[in-house]
Amino acid sequence: MILTDTHTHLYSEAFDEDRDLVMANAIDMGVSRFFIPAIDSTYTESMLTLEKAYPENVFLMMGLHPTYVKENYLEELSHVEEMLASRKFYAVGEIGIDLYWDKTFLKQQQEAFKLQIQWAKKYNYPIVIHCRDGFNEVFEVLEEEKGDDLYGIFHCFTGTLEQAQRAISYNMKLGIGGVLTYKNGKIDTFLNEIPVEHIVLETDAPYLAPVPYRGKRNESAYLVQVLEKLSLIYNRSKEDLAAITTENSKRVFGI
């Protein structure tokens, strides 16, 4: 059984003490493909180091996370542009809109989101969307940029059925992770109405650990808990769903 974690921050400081053990545990559980989203320029070196250590398993993205769109966002975007021009990546991400903590830089977040989508199109890369308290704002940009050259993953999808269907209409897969196991997560109430061909699995480690690890550091090995919940919702075997969701990830990332 091959599982794909389509969104995991394994370069995070949260794993500095035991990163190799965390990787080994995940691989032992069948999670052997790790797609790594960017945050900002301060993490680029640690991402490259992780890739060098696990070249067969780790696949990097490049982008500027919306909560890191601050006064220096043009400088950060310049770094993203330079990196995209310098080597191969597998997506532009994670990018999007986050209005949960601060609305001060909404205009700049929208500008950064749109520009990075255009870079993704230039390189024929998928995008990986971060959206928190910003569905309307994200959809506004996607509506402007929609087309056959726009595709990717709506990371950590926590919206409604209607929002899920709209995301899919823009050629987005839904990234499903630990929230699926939460009692108040809500997406478990309608997910079986979404064909599994539109689903990919993720952890967002070290964040959003699934039950029974909620509140603790998340790890890519815990993708198995998400898979188990998905198996109950779709009434399909874990092996079947692992194969389908991994195939879905291959369609997005091209590997």
# chains A, B, ... in the order shown; residues from 1 in each chain; ligands from 1

$ select_by_dssp --residues "stretch 97-190 of chain A" --states "strand (DSSP E or B)" --output "list in words"
Ile97, Asp98, Ile127, Val128, Ile129, His130, Cys131, Arg132, Gly152, Ile153, Phe154, Met172, Lys173, Leu174, Gly175 and Ile176 of chain A

$ write_last_selection --atoms "C-alpha atoms" --output "PDB file, in the first residue's frame"
ATOM      1  CA  ILE A  97      -5.814  33.990   1.381  1.00  0.00           C
ATOM      2  CA  ASP A  98      -5.807  33.884   5.200  1.00  0.00           C
ATOM      3  CA  ILE A 127      -1.146  25.424  -7.304  1.00  0.00           C
ATOM      4  CA  VAL A 128      -1.717  24.418  -3.692  1.00  0.00           C
ATOM      5  CA  ILE A 129      -4.205  26.741  -2.005  1.00  0.00           C
ATOM      6  CA  HIS A 130      -4.262  27.829   1.624  1.00  0.00           C
ATOM      7  CA  CYS A 131      -7.643  29.294   2.582  1.00  0.00           C
ATOM      8  CA  ARG A 132      -8.719  30.336   6.060  1.00  0.00           C
ATOM      9  CA  GLY A 152      -4.120  21.928  -8.216  1.00  0.00           C
ATOM     10  CA  ILE A 153      -5.193  21.197  -4.644  1.00  0.00           C
ATOM     11  CA  PHE A 154      -7.413  23.062  -2.216  1.00  0.00           C
ATOM     12  CA  MET A 172      -8.930  21.540  -7.757  1.00  0.00           C
ATOM     13  CA  LYS A 173      -8.620  18.331  -5.781  1.00  0.00           C
ATOM     14  CA  LEU A 174      -9.676  18.551  -2.146  1.00  0.00           C
ATOM     15  CA  GLY A 175      -6.846  18.039   0.347  1.00  0.00           C
ATOM     16  CA  ILE A 176      -8.305  15.991   3.220  1.00  0.00           C
TER      17      ILE A 176
END

$ residues_around --residues "stretch 135-141 of chain A" --least-positions-apart "6" --cutoff "8 Å" --atoms "only C-alpha atoms" --output "ChimeraX atom specification"
/A:96-97,110,113-114,163,167

$ write_last_selection --atoms "N, CA, C and O atoms" --output "short mmCIF file (atom, residue, chain, number, x, y, z; two decimals), in the first residue's frame"
data_model
loop_
_atom_site.label_atom_id
_atom_site.label_comp_id
_atom_site.auth_asym_id
_atom_site.auth_seq_id
_atom_site.Cartn_x
_atom_site.Cartn_y
_atom_site.Cartn_z
N GLY A 96 -2.48 31.65 -1.28
CA GLY A 96 -3.91 31.83 -1.09
C GLY A 96 -4.25 33.05 -0.26
O GLY A 96 -3.57 34.08 -0.31
N ILE A 97 -5.30 32.90 0.55
CA ILE A 97 -5.81 33.99 1.38
C ILE A 97 -6.04 33.46 2.80
O ILE A 97 -6.64 32.40 2.97
N GLN A 110 -4.10 39.18 -1.97
CA GLN A 110 -4.77 38.94 -3.25
C GLN A 110 -3.80 39.14 -4.41
O GLN A 110 -3.79 38.34 -5.36
N PHE A 113 -1.35 36.19 -4.41
CA PHE A 113 -2.05 34.97 -4.85
C PHE A 113 -2.16 34.95 -6.37
O PHE A 113 -1.80 33.97 -7.03
N LYS A 114 -2.65 36.05 -6.91
CA LYS A 114 -2.87 36.12 -8.36
C LYS A 114 -1.55 36.00 -9.12
O LYS A 114 -1.46 35.28 -10.12
N GLN A 163 -19.12 24.73 -1.40
CA GLN A 163 -17.77 25.25 -1.62
C GLN A 163 -16.85 24.18 -2.18
O GLN A 163 -15.98 24.47 -3.01
N ALA A 167 -14.87 24.49 -5.66
CA ALA A 167 -13.43 24.28 -5.76
C ALA A 167 -13.10 23.27 -6.86
O ALA A 167 -12.18 23.48 -7.67
#

$ select_by_dssp --residues "stretch 41-208 of chain A" --states "alpha helix (DSSP H)" --output "ChimeraX atom specification"
/A:44-53,73-86,106-123,135-145,161-169

$ closest_residue --among "A:Ile187, A:Leu84, A:Leu232, A:Leu241" --to "A:Leu60" --atoms "only C-alpha atoms"
A:Leu84

$ closest_residue --among "A:Val200, A:Asn171, A:Gly254, A:His9" --to "A:Leu227" --atoms "only C-alpha atoms"
A:Val200

$ closest_residue --among "A:Leu77, A:Gly63, A:Ile2, A:Pro206" --to "A:Lys238" --atoms "only C-alpha atoms"
A:Ile2

$ residues_around --residues "stretch 188-192 of chain A" --least-positions-apart "2" --cutoff "9 Å" --atoms "only C-alpha atoms" --output "JSON, numbers by chain"
{"A": [160, 161, 164, 179, 180, 181, 182, 183, 185, 186, 194, 195, 196, 229, 230, 233, 234]}

$ atom_distance --atom1 "atom CA of A:Arg33" --atom2 "atom CA of A:Thr4"
4.7 Å

$ atom_distance --atom1 "atom CA of A:Ser220" --atom2 "atom CA of A:Thr8"
6.9 Å

$ closest_residue --among "A:Leu223, A:Leu99, A:Met62, A:Ala112" --to "A:Ser86" --atoms "only C-alpha atoms"
A:Met62

$ residues_around --residues "A:Glu239" --least-positions-apart "5" --cutoff "12 Å" --atoms "only C-alpha atoms" --output "PyMOL selection string"
chain A and resi 1-3+30+224+227-228+230-231+244-246

$ closest_residue --among "A:His198, A:Tyr43, A:Leu10, A:Ala91" --to "A:Glu247" --atoms "only C-alpha atoms"
A:His198
